[in-house]
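Listing of start38.cif, mmCIF, C-alpha atoms
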data_final
#
loop_
_atom_site.label_atom_id
_atom_site.label_comp_id
_atom_site.auth_asym_id
_atom_site.auth_seq_id
_atom_site.Cartn_x
_atom_site.Cartn_y
_atom_site.Cartn_z
CA MET A 1 102.03 102.74 98.16
CA PRO A 2 104.06 99.81 96.70
CA LEU A 3 106.15 97.59 98.97
CA PHE A 4 109.80 96.84 98.31
CA MET A 5 112.24 94.37 99.88
CA ILE A 6 115.81 95.42 100.67
CA GLU A 7 118.30 92.56 100.94
CA GLY A 8 122.02 92.66 101.53
CA SER A 9 124.95 90.70 102.90
CA LYS A 10 128.37 91.50 104.33
CA ASP A 11 130.98 89.26 105.92
CA GLY A 12 128.45 86.50 106.51
CA GLY A 13 125.78 88.83 107.92
CA LEU A 14 122.41 89.16 106.21
CA PHE A 15 120.07 92.16 106.10
CA SER A 16 116.46 92.27 104.93
CA GLU A 17 113.76 94.88 105.42
CA THR A 18 110.40 95.68 103.83
CA ILE A 19 109.79 99.34 103.01
CA THR A 20 107.22 101.46 101.18
CA ALA A 21 108.31 103.74 98.36
CA SER A 22 106.71 105.57 95.45
CA ASP A 23 108.91 103.86 92.85
CA MET A 24 112.11 101.84 92.41
CA ASP A 25 114.35 104.94 92.43
CA ASP A 26 113.00 106.02 95.84
CA ALA A 27 113.33 102.45 97.10
CA GLU A 28 116.98 102.24 96.03
CA ARG A 29 117.77 105.57 97.70
CA ALA A 30 116.15 104.30 100.92
CA ALA A 31 118.08 101.03 100.60
CA VAL A 32 121.40 102.86 100.39
CA ILE A 33 120.57 104.78 103.58
CA ARG A 34 119.47 101.64 105.47
CA LEU A 35 122.46 99.55 104.38
CA CYS A 36 124.88 102.36 105.25
CA GLU A 37 123.38 102.33 108.74
CA ALA A 38 123.44 98.53 108.97
CA TRP A 39 127.04 98.06 107.81
CA GLY A 40 128.48 101.31 109.17
CA GLU A 41 129.69 102.26 105.69
CA GLU A 42 129.34 105.18 103.34
CA GLY A 43 128.30 104.92 99.71
CA ASP A 44 126.03 106.33 97.03
CA GLU A 45 125.19 103.12 95.16
CA LEU A 46 123.98 99.68 96.24
CA SER A 47 127.05 98.16 94.59
CA ASP A 48 129.24 100.12 97.03
CA LEU A 49 127.72 98.50 100.12
CA GLY A 50 128.60 95.15 101.66
CA ASP A 51 129.20 92.04 99.56
CA ALA A 52 125.84 92.01 97.79
CA ALA A 53 122.73 94.17 97.83
CA SER A 54 119.46 94.30 95.94
CA VAL A 55 116.00 95.88 95.98
CA TYR A 56 112.92 94.41 94.39
CA GLU A 57 109.26 95.37 94.24
CA PHE A 58 106.69 93.03 95.77
CA GLY A 59 104.83 90.83 93.28
CA PRO A 60 101.32 89.36 93.68
CA THR A 61 102.59 86.31 95.59
CA ASP A 62 104.59 88.47 98.01
CA TYR A 63 101.53 90.63 98.78
CA ALA A 64 99.43 87.50 99.33
CA ARG A 65 101.98 86.08 101.76
CA ASN A 66 102.17 89.41 103.53
CA ALA A 67 98.39 89.34 104.09
CA ALA A 68 98.15 85.62 104.94
CA ASP A 69 97.54 86.11 108.69
CA GLU A 70 94.77 88.65 108.10
CA MET A 71 93.11 86.49 105.43
CA LEU A 72 93.14 83.47 107.75
CA ALA A 73 91.55 85.54 110.52
CA VAL A 74 88.77 86.66 108.14
CA LEU A 75 88.12 83.07 107.05
CA ARG A 76 87.82 81.94 110.67
CA MET A 77 85.41 84.77 111.42
CA ALA A 78 83.26 84.22 108.32
CA LEU A 79 83.01 80.42 108.35
CA PRO A 80 80.46 80.13 111.21
CA HIS A 81 78.17 82.59 109.43
CA ILE A 82 78.43 80.63 106.17
CA SER A 83 77.74 77.36 108.01
CA SER A 84 74.65 78.86 109.67
CA GLU A 85 73.34 80.10 106.35
CA VAL A 86 73.86 76.65 104.78
CA GLU A 87 71.86 74.99 107.54
CA GLN A 88 69.02 77.49 107.15
CA ARG A 89 68.91 76.97 103.40
CA LYS A 90 68.85 73.17 103.80
CA CYS A 91 65.55 73.52 105.63
CA SER A 92 64.01 74.87 102.43
CA GLY A 93 64.13 71.41 100.87
CA ASN A 94 65.63 72.77 97.65
CA ASP A 95 69.04 71.17 97.08
CA GLU A 96 70.04 73.72 94.47
CA TYR A 97 69.39 76.52 96.96
CA PHE A 98 72.26 75.55 99.28
CA ALA A 99 74.61 73.38 97.15
CA ASP A 100 76.81 76.22 95.87
CA LEU A 101 77.13 77.84 99.29
CA GLU A 102 77.88 74.47 100.89
CA GLU A 103 80.82 74.07 98.49
CA VAL A 104 82.08 77.49 99.53
CA GLU A 105 81.80 76.38 103.17
CA ARG A 106 83.79 73.23 102.42
CA GLN A 107 86.56 75.12 100.63
CA MET A 108 86.81 77.68 103.44
CA GLY A 109 87.12 74.89 106.02
CA ALA A 110 89.76 73.11 103.96
CA ALA A 111 91.75 76.33 103.49
CA ILE A 112 91.74 77.00 107.23
CA ALA A 113 92.82 73.43 107.97
CA MET A 114 95.64 73.71 105.43
CA ALA A 115 96.87 76.96 107.00
CA GLU A 116 96.80 75.36 110.46
CA GLY A 117 98.50 72.16 109.31
CA VAL A 118 95.68 69.85 110.46
CA PRO A 119 93.77 67.16 108.51
CA PHE A 120 90.51 68.12 106.85
CA MET A 121 88.07 65.23 106.51
CA SER A 122 86.49 66.03 103.19
CA SER A 123 87.11 65.65 99.49
CA PRO A 124 90.10 67.63 98.17
CA ILE A 125 89.67 71.26 97.22
CA PRO A 126 89.36 71.41 93.42
CA SER A 127 92.18 73.26 91.72
CA VAL A 128 91.65 76.50 89.85
CA ASN A 129 92.03 74.56 86.62
CA GLU A 130 89.24 72.10 87.62
CA VAL A 131 86.83 74.79 88.76
CA LYS A 132 87.33 77.09 85.76
CA ALA A 133 88.33 74.61 83.05
CA ASP A 134 85.28 75.54 80.99
CA ILE A 135 85.81 79.27 81.43
CA THR A 136 89.44 80.16 80.94
CA PRO A 137 92.83 78.37 80.94
CA SER A 138 94.90 78.80 84.10
CA ALA A 139 98.68 78.51 84.29
CA LYS A 140 100.02 75.75 86.48
CA VAL A 141 102.73 76.98 88.83
CA ALA A 142 104.83 74.28 90.45
CA ALA A 143 105.49 74.92 94.13
CA ALA A 144 109.05 75.52 95.30
CA PRO A 145 110.71 72.53 97.00
CA GLU A 146 110.88 72.62 100.78
CA LEU A 147 113.39 71.42 103.34
CA SER A 148 112.64 68.08 104.99
CA ALA A 149 111.02 68.38 108.41
CA GLY A 150 113.50 68.18 111.27
CA ALA A 151 116.58 68.96 109.16
CA THR A 152 119.37 70.69 111.09
CA PHE A 153 122.69 72.24 110.06
CA ASN A 154 125.97 72.93 111.79
CA GLU A 155 127.97 76.14 111.52
CA ALA A 156 129.51 75.09 108.18
CA GLY A 157 126.04 74.37 106.80
CA LEU A 158 124.82 77.81 107.84
CA GLU A 159 127.79 79.42 106.10
CA THR A 160 126.97 77.42 102.95
CA ALA A 161 123.39 78.67 103.16
CA MET A 162 124.59 82.29 103.30
CA CYS A 163 126.99 81.76 100.39
CA LEU A 164 124.26 80.21 98.24
CA TRP A 165 121.80 82.98 99.08
CA GLU A 166 124.42 85.65 98.32
CA ALA A 167 124.91 83.99 94.94
CA MET A 168 121.14 83.99 94.41
CA LEU A 169 120.96 87.73 95.18
CA GLU A 170 123.60 88.33 92.50
CA ILE A 171 121.33 86.82 89.81
CA ARG A 172 118.00 87.87 91.36
CA ASP A 173 117.15 90.29 88.53
CA ARG A 174 117.99 87.90 85.68
CA SER A 175 114.78 87.29 83.73
CA ASN A 176 114.44 83.54 84.34
CA VAL A 177 115.29 83.84 88.05
CA ALA A 178 113.06 86.90 88.53
CA ALA A 179 110.18 85.01 86.89
CA ARG A 180 110.47 82.23 89.48
CA PHE A 181 110.62 84.72 92.36
CA ASP A 182 107.43 86.32 91.04
CA GLU A 183 105.72 82.91 90.90
CA VAL A 184 106.45 81.62 94.40
CA GLY A 185 107.75 84.60 96.40
CA THR A 186 111.04 85.39 98.14
CA VAL A 187 110.39 83.37 101.32
CA ALA A 188 109.67 80.20 99.33
CA MET A 189 112.82 80.70 97.23
CA ARG A 190 114.95 81.28 100.32
CA HIS A 191 113.66 78.05 101.85
CA ALA A 192 114.12 76.20 98.55
CA VAL A 193 117.80 77.17 98.41
CA MET A 194 118.27 75.34 101.72
CA ILE A 195 117.69 71.96 100.04
CA LEU A 196 120.95 72.52 98.12
CA ILE A 197 123.16 72.77 101.23
CA PRO A 198 123.98 69.05 101.73
CA ASP A 199 124.71 68.38 98.04
CA CYS A 200 126.78 71.55 97.73
CA GLU A 201 129.02 70.48 100.61
CA ARG A 202 129.12 66.82 99.51
CA GLU A 203 130.20 67.61 95.94
CA TRP A 204 132.84 70.01 97.27
CA ARG A 205 134.31 67.25 99.45
CA GLU A 206 134.20 64.77 96.58
CA GLY A 207 136.13 67.23 94.43
CA GLU A 208 138.76 67.63 97.14
CA ASP A 209 139.10 63.85 97.35
CA ARG A 210 139.81 63.78 93.62
CA GLY A 211 142.49 66.42 94.06
CA GLU A 212 140.47 69.21 92.41
CA ASP A 213 140.96 72.84 93.45
CA ASN A 214 137.60 74.61 93.24
CA SER A 215 138.43 77.37 95.71
CA PRO A 216 137.42 79.86 96.83
CA TYR A 217 134.38 78.10 98.22
CA ASP A 218 132.25 81.20 98.76
CA TRP A 219 132.81 83.20 95.55
CA GLU A 220 133.58 80.45 93.01
CA TRP A 221 132.22 77.08 94.10
CA CYS A 222 128.85 78.10 95.59
CA PRO A 223 127.78 80.38 92.69
CA ALA A 224 128.76 77.74 90.13
CA PHE A 225 126.93 75.00 92.09
CA LEU A 226 123.83 77.19 92.32
CA GLU A 227 123.82 77.78 88.55
CA ARG A 228 124.01 74.03 87.91
CA ASN A 229 121.10 73.37 90.25
CA LEU A 230 118.68 76.20 89.45
CA TRP A 231 116.45 73.64 87.72
CA ARG A 232 115.83 72.00 91.11
CA LEU A 233 114.31 75.28 92.30
CA GLY A 234 111.99 75.46 89.29
CA VAL A 235 114.00 78.11 87.43
CA GLU A 236 113.64 77.65 83.69
CA PRO A 237 116.59 77.91 81.31
CA GLN A 238 117.15 81.46 80.15
CA SER A 239 116.29 80.64 76.57
CA GLN A 240 112.85 79.32 77.55
CA VAL A 241 111.98 82.44 79.53
CA GLU A 242 112.98 84.72 76.65
CA ALA A 243 110.94 82.62 74.21
CA HIS A 244 107.69 82.97 76.18
CA ALA A 245 104.98 85.10 74.62
CA PRO A 246 101.59 86.09 76.11
CA ASP A 247 99.69 83.69 73.83
CA CYS A 248 102.10 80.76 73.81
CA GLU A 249 101.13 77.34 75.14
CA GLU A 250 101.84 76.60 78.79
CA LEU A 251 104.93 74.62 79.70
CA GLU A 252 104.52 71.39 81.59
CA PRO A 253 105.12 71.78 85.37
CA ILE A 254 108.71 71.12 86.41
CA ASP A 255 109.30 68.17 88.70
CA MET A 256 111.15 69.66 91.66
CA ALA A 257 111.28 66.75 94.09
CA PRO A 258 114.24 67.63 96.37
CA HIS A 259 117.14 65.27 96.89
CA GLY A 260 117.23 63.56 100.28
CA LEU A 261 119.37 65.21 102.94
CA GLU A 262 122.26 63.39 104.49
CA ASP A 263 122.19 62.68 108.22
#
What is this structure when it is put down as structure tokens?
Amino acid sequence: MPLFMIEGSKDGGLFSETITASDMDDAERAAVIRLCEAWGEEGDELSDLGDAASVYEFGPTDYARNAADEMLAVLRMALPHISSEVEQRKCSGNDEYFADLEEVERQMGAAIAMAEGVPFMSSPIPSVNEVKADITPSAKVAAAPELSAGATFNEAGLETAMCLWEAMLEIRDRSNVAARFDEVGTVAMRHAVMILIPDCEREWREGEDRGEDNSPYDWEWCPAFLERNLWRLGVEPQSQVEAHAPDCEELEPIDMAPHGLED
């Protein structure tokens, strides 16, 4: 049965839950029930509950992330067997007999090391484009930017994060934004939004210093700032998304190097 994610916010509080449902209509009905329980409200529509609410169906990337722990466990279990088979085949003296399997062994070891965050002393894993360049073209999906290691935020920063994410939920179903969610997944997008916190607060303060009134901060400034900075999260302009066709040429990957965070 398909998986769906319920997300909502109210008065600074956030709610998220993964559920199974037969279709989007069933998922939305379940979301109304769960959000009514969470917020202590009554309502028949998602728009009646809290400050923002949405339901979306898992995409391929979301399912892959959901199964990541199990896939890593299988790789760890299978690698010793593959390594043993490689060693046995090497004894045959026929290089072609073990070369392909040895490459599989190397890629499995590199994938495990990547998942564990440890160095892997071998040549880099070839990309899908390199491995299958002579078979079929493969779209290049730029990864979502990530927060710098060790970054911390005070209470104001956490409130900014919630305001930005609320604004993101409001436009979650827009075609260009939905396309990016499908590419990298909800968790990656949530983390990517965090890189905007320092600049959002800094530009707000700079505006105040110039005597500008951009209030209210939560419902006017943050949504407008997010719209101006969607490109940093890899979201294409709306016109480009609408212009895409199944057989059109691939766009060049978007450079999404995050701005440095202030101390």
Using only C-alpha atoms, find the one residue out of A:Leu101, A:Cys200, A:Ile6, A:Ala224 that sits nearest to Ile171 of chain A.
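Smallest separation from Ile171 of chain A among the options: A:Ala224.
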Of the residues A:Asp44, A:Glu37, A:Glu116, A:Glu227, which is the one nearest to Asp69 of chain A, using all atoms listed in the file?
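Of A:Asp44, A:Glu37, A:Glu116, A:Glu227, the one nearest Asp69 of chain A, counting all atoms listed in the file, is A:Glu116.
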For segment 181-186 of chain A, list every protein, DNA or RNA residue within 12 Å, evaluated using all atoms listed in the file, and leave out those in the same chain fewer than 2 positions away; present the list as a PDB file with C-alpha atoms, keeping the file's coordinate frame.
ATOM      1  CA  PHE A   4     109.800  96.840  98.310  1.00  0.00           C
ATOM      2  CA  MET A   5     112.240  94.370  99.880  1.00  0.00           C
ATOM      3  CA  ILE A   6     115.810  95.420 100.670  1.00  0.00           C
ATOM      4  CA  GLU A   7     118.300  92.560 100.940  1.00  0.00           C
ATOM      5  CA  SER A  16     116.460  92.270 104.930  1.00  0.00           C
ATOM      6  CA  THR A  18     110.400  95.680 103.830  1.00  0.00           C
ATOM      7  CA  VAL A  55     116.000  95.880  95.980  1.00  0.00           C
ATOM      8  CA  TYR A  56     112.920  94.410  94.390  1.00  0.00           C
ATOM      9  CA  GLU A  57     109.260  95.370  94.240  1.00  0.00           C
ATOM     10  CA  PHE A  58     106.690  93.030  95.770  1.00  0.00           C
ATOM     11  CA  GLY A  59     104.830  90.830  93.280  1.00  0.00           C
ATOM     12  CA  PRO A  60     101.320  89.360  93.680  1.00  0.00           C
ATOM     13  CA  THR A  61     102.590  86.310  95.590  1.00  0.00           C
ATOM     14  CA  ASP A  62     104.590  88.470  98.010  1.00  0.00           C
ATOM     15  CA  TYR A  63     101.530  90.630  98.780  1.00  0.00           C
ATOM     16  CA  ALA A  64      99.430  87.500  99.330  1.00  0.00           C
ATOM     17  CA  ARG A  65     101.980  86.080 101.760  1.00  0.00           C
ATOM     18  CA  ASN A  66     102.170  89.410 103.530  1.00  0.00           C
ATOM     19  CA  ALA A 139      98.680  78.510  84.290  1.00  0.00           C
ATOM     20  CA  LYS A 140     100.020  75.750  86.480  1.00  0.00           C
ATOM     21  CA  VAL A 141     102.730  76.980  88.830  1.00  0.00           C
ATOM     22  CA  ALA A 142     104.830  74.280  90.450  1.00  0.00           C
ATOM     23  CA  ALA A 143     105.490  74.920  94.130  1.00  0.00           C
ATOM     24  CA  ALA A 144     109.050  75.520  95.300  1.00  0.00           C
ATOM     25  CA  PRO A 145     110.710  72.530  97.000  1.00  0.00           C
ATOM     26  CA  GLU A 146     110.880  72.620 100.780  1.00  0.00           C
ATOM     27  CA  TRP A 165     121.800  82.980  99.080  1.00  0.00           C
ATOM     28  CA  MET A 168     121.140  83.990  94.410  1.00  0.00           C
ATOM     29  CA  LEU A 169     120.960  87.730  95.180  1.00  0.00           C
ATOM     30  CA  ILE A 171     121.330  86.820  89.810  1.00  0.00           C
ATOM     31  CA  ARG A 172     118.000  87.870  91.360  1.00  0.00           C
ATOM     32  CA  ASP A 173     117.150  90.290  88.530  1.00  0.00           C
ATOM     33  CA  ARG A 174     117.990  87.900  85.680  1.00  0.00           C
ATOM     34  CA  SER A 175     114.780  87.290  83.730  1.00  0.00           C
ATOM     35  CA  ASN A 176     114.440  83.540  84.340  1.00  0.00           C
ATOM     36  CA  VAL A 177     115.290  83.840  88.050  1.00  0.00           C
ATOM     37  CA  ALA A 178     113.060  86.900  88.530  1.00  0.00           C
ATOM     38  CA  ALA A 179     110.180  85.010  86.890  1.00  0.00           C
ATOM     39  CA  ALA A 188     109.670  80.200  99.330  1.00  0.00           C
ATOM     40  CA  MET A 189     112.820  80.700  97.230  1.00  0.00           C
ATOM     41  CA  ARG A 190     114.950  81.280 100.320  1.00  0.00           C
ATOM     42  CA  HIS A 191     113.660  78.050 101.850  1.00  0.00           C
ATOM     43  CA  ALA A 192     114.120  76.200  98.550  1.00  0.00           C
ATOM     44  CA  VAL A 193     117.800  77.170  98.410  1.00  0.00           C
ATOM     45  CA  LEU A 233     114.310  75.280  92.300  1.00  0.00           C
ATOM     46  CA  GLY A 234     111.990  75.460  89.290  1.00  0.00           C
ATOM     47  CA  VAL A 235     114.000  78.110  87.430  1.00  0.00           C
ATOM     48  CA  GLU A 236     113.640  77.650  83.690  1.00  0.00           C
TER      49      GLU A 236
END
If I put a ball of radius 8 Å at (105.2, 101.3, 99.7) in the file's coordinates, which residues poke into it when counting all atoms listed in the file, written as a PyMOL selection string?
chain A and resi 1-4+19-22
Now that the selection is made, can you save its residues with C-alpha atoms as a short mmCIF file (atom, residue, chain, number, x, y, z; two decimals), keeping the file's coordinate frame?
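The result, stored in result24.cif:
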data_model
loop_
_atom_site.label_atom_id
_atom_site.label_comp_id
_atom_site.auth_asym_id
_atom_site.auth_seq_id
_atom_site.Cartn_x
_atom_site.Cartn_y
_atom_site.Cartn_z
CA MET A 1 102.03 102.74 98.16
CA PRO A 2 104.06 99.81 96.70
CA LEU A 3 106.15 97.59 98.97
CA PHE A 4 109.80 96.84 98.31
CA ILE A 19 109.79 99.34 103.01
CA THR A 20 107.22 101.46 101.18
CA ALA A 21 108.31 103.74 98.36
CA SER A 22 106.71 105.57 95.45
#
Could you list as an NGL selection string every residue that has an atom within 7 Å of (118.8, 100.8, 97.7), using the file's coordinates and counting all atoms listed in the file?
:A and (6 or 27-32 or 46 or 54-55)
Which residues, named as in the file, does the PyMOL selection byres ((chain A and resi 208-218) around 12) pick out? Answer as a PyMOL selection string.
chain A and resi 11-12+51+156+159-167+200-207+219-226
Between A:Glu170, A:Gly50, A:Arg76, A:Leu230, which has the minimum distance to Ile112 of chain A (counting all atoms listed in the file)?
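Closest candidate: A:Arg76.
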Which residue gives the smallest distance to Ala38 of chain A among A:Ala68, A:Ala53, A:Leu79, A:Met24, with all atoms listed in the file counted?
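Among A:Ala68, A:Ala53, A:Leu79, A:Met24, it is A:Ala53 that comes nearest to Ala38 of chain A.
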Nearest to Glu105 of chain A among A:Val118, A:Ala78, A:Leu49, A:Lys90, with distances taken over only C-alpha atoms: which residue is it?
A:Ala78
Gap from atom CA of Leu14 of chain A to atom CA of Arg34 of chain A - Å, one decimal
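Here the two named atoms are 12.8 Å from each other.
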With all atoms listed in the file as the atoms that count, which of A:Val104, A:Asn229, A:Glu155, A:Glu42 lies nearest to His81 of chain A?
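The answer is A:Val104, which sits nearest to His81 of chain A.
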Taking the partial coordinates given, rebuild segment 21-45 of chain A to contain N, CA, C and O atoms; return it as a PDB file, keeping the file's coordinate frame.
ATOM      1  N   ALA A  21     107.684 102.687  99.166  1.00  0.00           N
ATOM      2  CA  ALA A  21     108.310 103.740  98.360  1.00  0.00           C
ATOM      3  C   ALA A  21     107.424 104.004  97.153  1.00  0.00           C
ATOM      4  O   ALA A  21     106.647 103.143  96.724  1.00  0.00           O
ATOM      5  N   SER A  22     107.550 105.200  96.589  1.00  0.00           N
ATOM      6  CA  SER A  22     106.710 105.570  95.450  1.00  0.00           C
ATOM      7  C   SER A  22     107.126 104.857  94.184  1.00  0.00           C
ATOM      8  O   SER A  22     106.297 104.545  93.329  1.00  0.00           O
ATOM      9  N   ASP A  23     108.427 104.571  94.034  1.00  0.00           N
ATOM     10  CA  ASP A  23     108.910 103.860  92.850  1.00  0.00           C
ATOM     11  C   ASP A  23     110.267 103.237  93.172  1.00  0.00           C
ATOM     12  O   ASP A  23     110.787 103.365  94.293  1.00  0.00           O
ATOM     13  N   MET A  24     110.853 102.548  92.187  1.00  0.00           N
ATOM     14  CA  MET A  24     112.110 101.840  92.410  1.00  0.00           C
ATOM     15  C   MET A  24     113.249 102.802  92.749  1.00  0.00           C
ATOM     16  O   MET A  24     114.104 102.483  93.587  1.00  0.00           O
ATOM     17  N   ASP A  25     113.276 103.975  92.133  1.00  0.00           N
ATOM     18  CA  ASP A  25     114.350 104.940  92.430  1.00  0.00           C
ATOM     19  C   ASP A  25     114.318 105.349  93.898  1.00  0.00           C
ATOM     20  O   ASP A  25     115.363 105.399  94.567  1.00  0.00           O
ATOM     21  N   ASP A  26     113.122 105.659  94.424  1.00  0.00           N
ATOM     22  CA  ASP A  26     113.000 106.020  95.840  1.00  0.00           C
ATOM     23  C   ASP A  26     113.392 104.853  96.729  1.00  0.00           C
ATOM     24  O   ASP A  26     114.030 105.039  97.776  1.00  0.00           O
ATOM     25  N   ALA A  27     113.010 103.637  96.314  1.00  0.00           N
ATOM     26  CA  ALA A  27     113.330 102.450  97.100  1.00  0.00           C
ATOM     27  C   ALA A  27     114.840 102.232  97.166  1.00  0.00           C
ATOM     28  O   ALA A  27     115.390 101.880  98.220  1.00  0.00           O
ATOM     29  N   GLU A  28     115.530 102.432  96.049  1.00  0.00           N
ATOM     30  CA  GLU A  28     116.980 102.240  96.030  1.00  0.00           C
ATOM     31  C   GLU A  28     117.688 103.297  96.882  1.00  0.00           C
ATOM     32  O   GLU A  28     118.681 102.996  97.559  1.00  0.00           O
ATOM     33  N   ARG A  29     117.171 104.531  96.848  1.00  0.00           N
ATOM     34  CA  ARG A  29     117.770 105.570  97.700  1.00  0.00           C
ATOM     35  C   ARG A  29     117.583 105.206  99.182  1.00  0.00           C
ATOM     36  O   ARG A  29     118.505 105.366  99.989  1.00  0.00           O
ATOM     37  N   ALA A  30     116.398 104.714  99.531  1.00  0.00           N
ATOM     38  CA  ALA A  30     116.150 104.300 100.920  1.00  0.00           C
ATOM     39  C   ALA A  30     117.031 103.118 101.288  1.00  0.00           C
ATOM     40  O   ALA A  30     117.531 103.026 102.418  1.00  0.00           O
ATOM     41  N   ALA A  31     117.249 102.212 100.332  1.00  0.00           N
ATOM     42  CA  ALA A  31     118.080 101.030 100.600  1.00  0.00           C
ATOM     43  C   ALA A  31     119.521 101.431 100.888  1.00  0.00           C
ATOM     44  O   ALA A  31     120.167 100.859 101.780  1.00  0.00           O
ATOM     45  N   VAL A  32     120.027 102.389 100.146  1.00  0.00           N
ATOM     46  CA  VAL A  32     121.400 102.860 100.390  1.00  0.00           C
ATOM     47  C   VAL A  32     121.528 103.409 101.809  1.00  0.00           C
ATOM     48  O   VAL A  32     122.489 103.111 102.527  1.00  0.00           O
ATOM     49  N   ILE A  33     120.541 104.200 102.231  1.00  0.00           N
ATOM     50  CA  ILE A  33     120.570 104.780 103.580  1.00  0.00           C
ATOM     51  C   ILE A  33     120.531 103.682 104.639  1.00  0.00           C
ATOM     52  O   ILE A  33     121.312 103.680 105.595  1.00  0.00           O
ATOM     53  N   ARG A  34     119.623 102.702 104.473  1.00  0.00           N
ATOM     54  CA  ARG A  34     119.470 101.640 105.470  1.00  0.00           C
ATOM     55  C   ARG A  34     120.694 100.745 105.526  1.00  0.00           C
ATOM     56  O   ARG A  34     121.130 100.342 106.618  1.00  0.00           O
ATOM     57  N   LEU A  35     121.276 100.421 104.381  1.00  0.00           N
ATOM     58  CA  LEU A  35     122.460  99.550 104.380  1.00  0.00           C
ATOM     59  C   LEU A  35     123.683 100.282 104.908  1.00  0.00           C
ATOM     60  O   LEU A  35     124.540  99.665 105.553  1.00  0.00           O
ATOM     61  N   CYS A  36     123.783 101.578 104.648  1.00  0.00           N
ATOM     62  CA  CYS A  36     124.880 102.360 105.250  1.00  0.00           C
ATOM     63  C   CYS A  36     124.785 102.296 106.768  1.00  0.00           C
ATOM     64  O   CYS A  36     125.796 102.137 107.462  1.00  0.00           O
ATOM     65  N   GLU A  37     123.569 102.418 107.291  1.00  0.00           N
ATOM     66  CA  GLU A  37     123.380 102.330 108.740  1.00  0.00           C
ATOM     67  C   GLU A  37     123.690 100.932 109.257  1.00  0.00           C
ATOM     68  O   GLU A  37     124.313 100.772 110.318  1.00  0.00           O
ATOM     69  N   ALA A  38     123.255  99.910 108.511  1.00  0.00           N
ATOM     70  CA  ALA A  38     123.440  98.530 108.970  1.00  0.00           C
ATOM     71  C   ALA A  38     124.903  98.120 108.974  1.00  0.00           C
ATOM     72  O   ALA A  38     125.371  97.453 109.911  1.00  0.00           O
ATOM     73  N   TRP A  39     125.648  98.492 107.924  1.00  0.00           N
ATOM     74  CA  TRP A  39     127.040  98.060 107.810  1.00  0.00           C
ATOM     75  C   TRP A  39     128.034  99.084 108.343  1.00  0.00           C
ATOM     76  O   TRP A  39     129.226  98.791 108.404  1.00  0.00           O
ATOM     77  N   GLY A  40     127.559 100.278 108.702  1.00  0.00           N
ATOM     78  CA  GLY A  40     128.480 101.310 109.170  1.00  0.00           C
ATOM     79  C   GLY A  40     129.402 101.794 108.076  1.00  0.00           C
ATOM     80  O   GLY A  40     130.566 102.108 108.319  1.00  0.00           O
ATOM     81  N   GLU A  41     128.890 101.846 106.845  1.00  0.00           N
ATOM     82  CA  GLU A  41     129.690 102.260 105.690  1.00  0.00           C
ATOM     83  C   GLU A  41     129.103 103.540 105.092  1.00  0.00           C
ATOM     84  O   GLU A  41     128.025 103.997 105.470  1.00  0.00           O
ATOM     85  N   GLU A  42     129.834 104.052 104.122  1.00  0.00           N
ATOM     86  CA  GLU A  42     129.340 105.180 103.340  1.00  0.00           C
ATOM     87  C   GLU A  42     129.363 104.791 101.874  1.00  0.00           C
ATOM     88  O   GLU A  42     130.255 104.086 101.415  1.00  0.00           O
ATOM     89  N   GLY A  43     128.360 105.228 101.136  1.00  0.00           N
ATOM     90  CA  GLY A  43     128.300 104.920  99.710  1.00  0.00           C
ATOM     91  C   GLY A  43     127.088 105.560  99.089  1.00  0.00           C
ATOM     92  O   GLY A  43     126.121 105.909  99.769  1.00  0.00           O
ATOM     93  N   ASP A  44     127.136 105.709  97.771  1.00  0.00           N
ATOM     94  CA  ASP A  44     126.030 106.330  97.030  1.00  0.00           C
ATOM     95  C   ASP A  44     125.268 105.332  96.184  1.00  0.00           C
ATOM     96  O   ASP A  44     124.182 105.630  95.695  1.00  0.00           O
ATOM     97  N   GLU A  45     125.818 104.142  95.980  1.00  0.00           N
ATOM     98  CA  GLU A  45     125.190 103.120  95.160  1.00  0.00           C
ATOM     99  C   GLU A  45     125.107 101.816  95.931  1.00  0.00           C
ATOM    100  O   GLU A  45     125.919 101.544  96.819  1.00  0.00           O
TER     101      GLU A  45
END
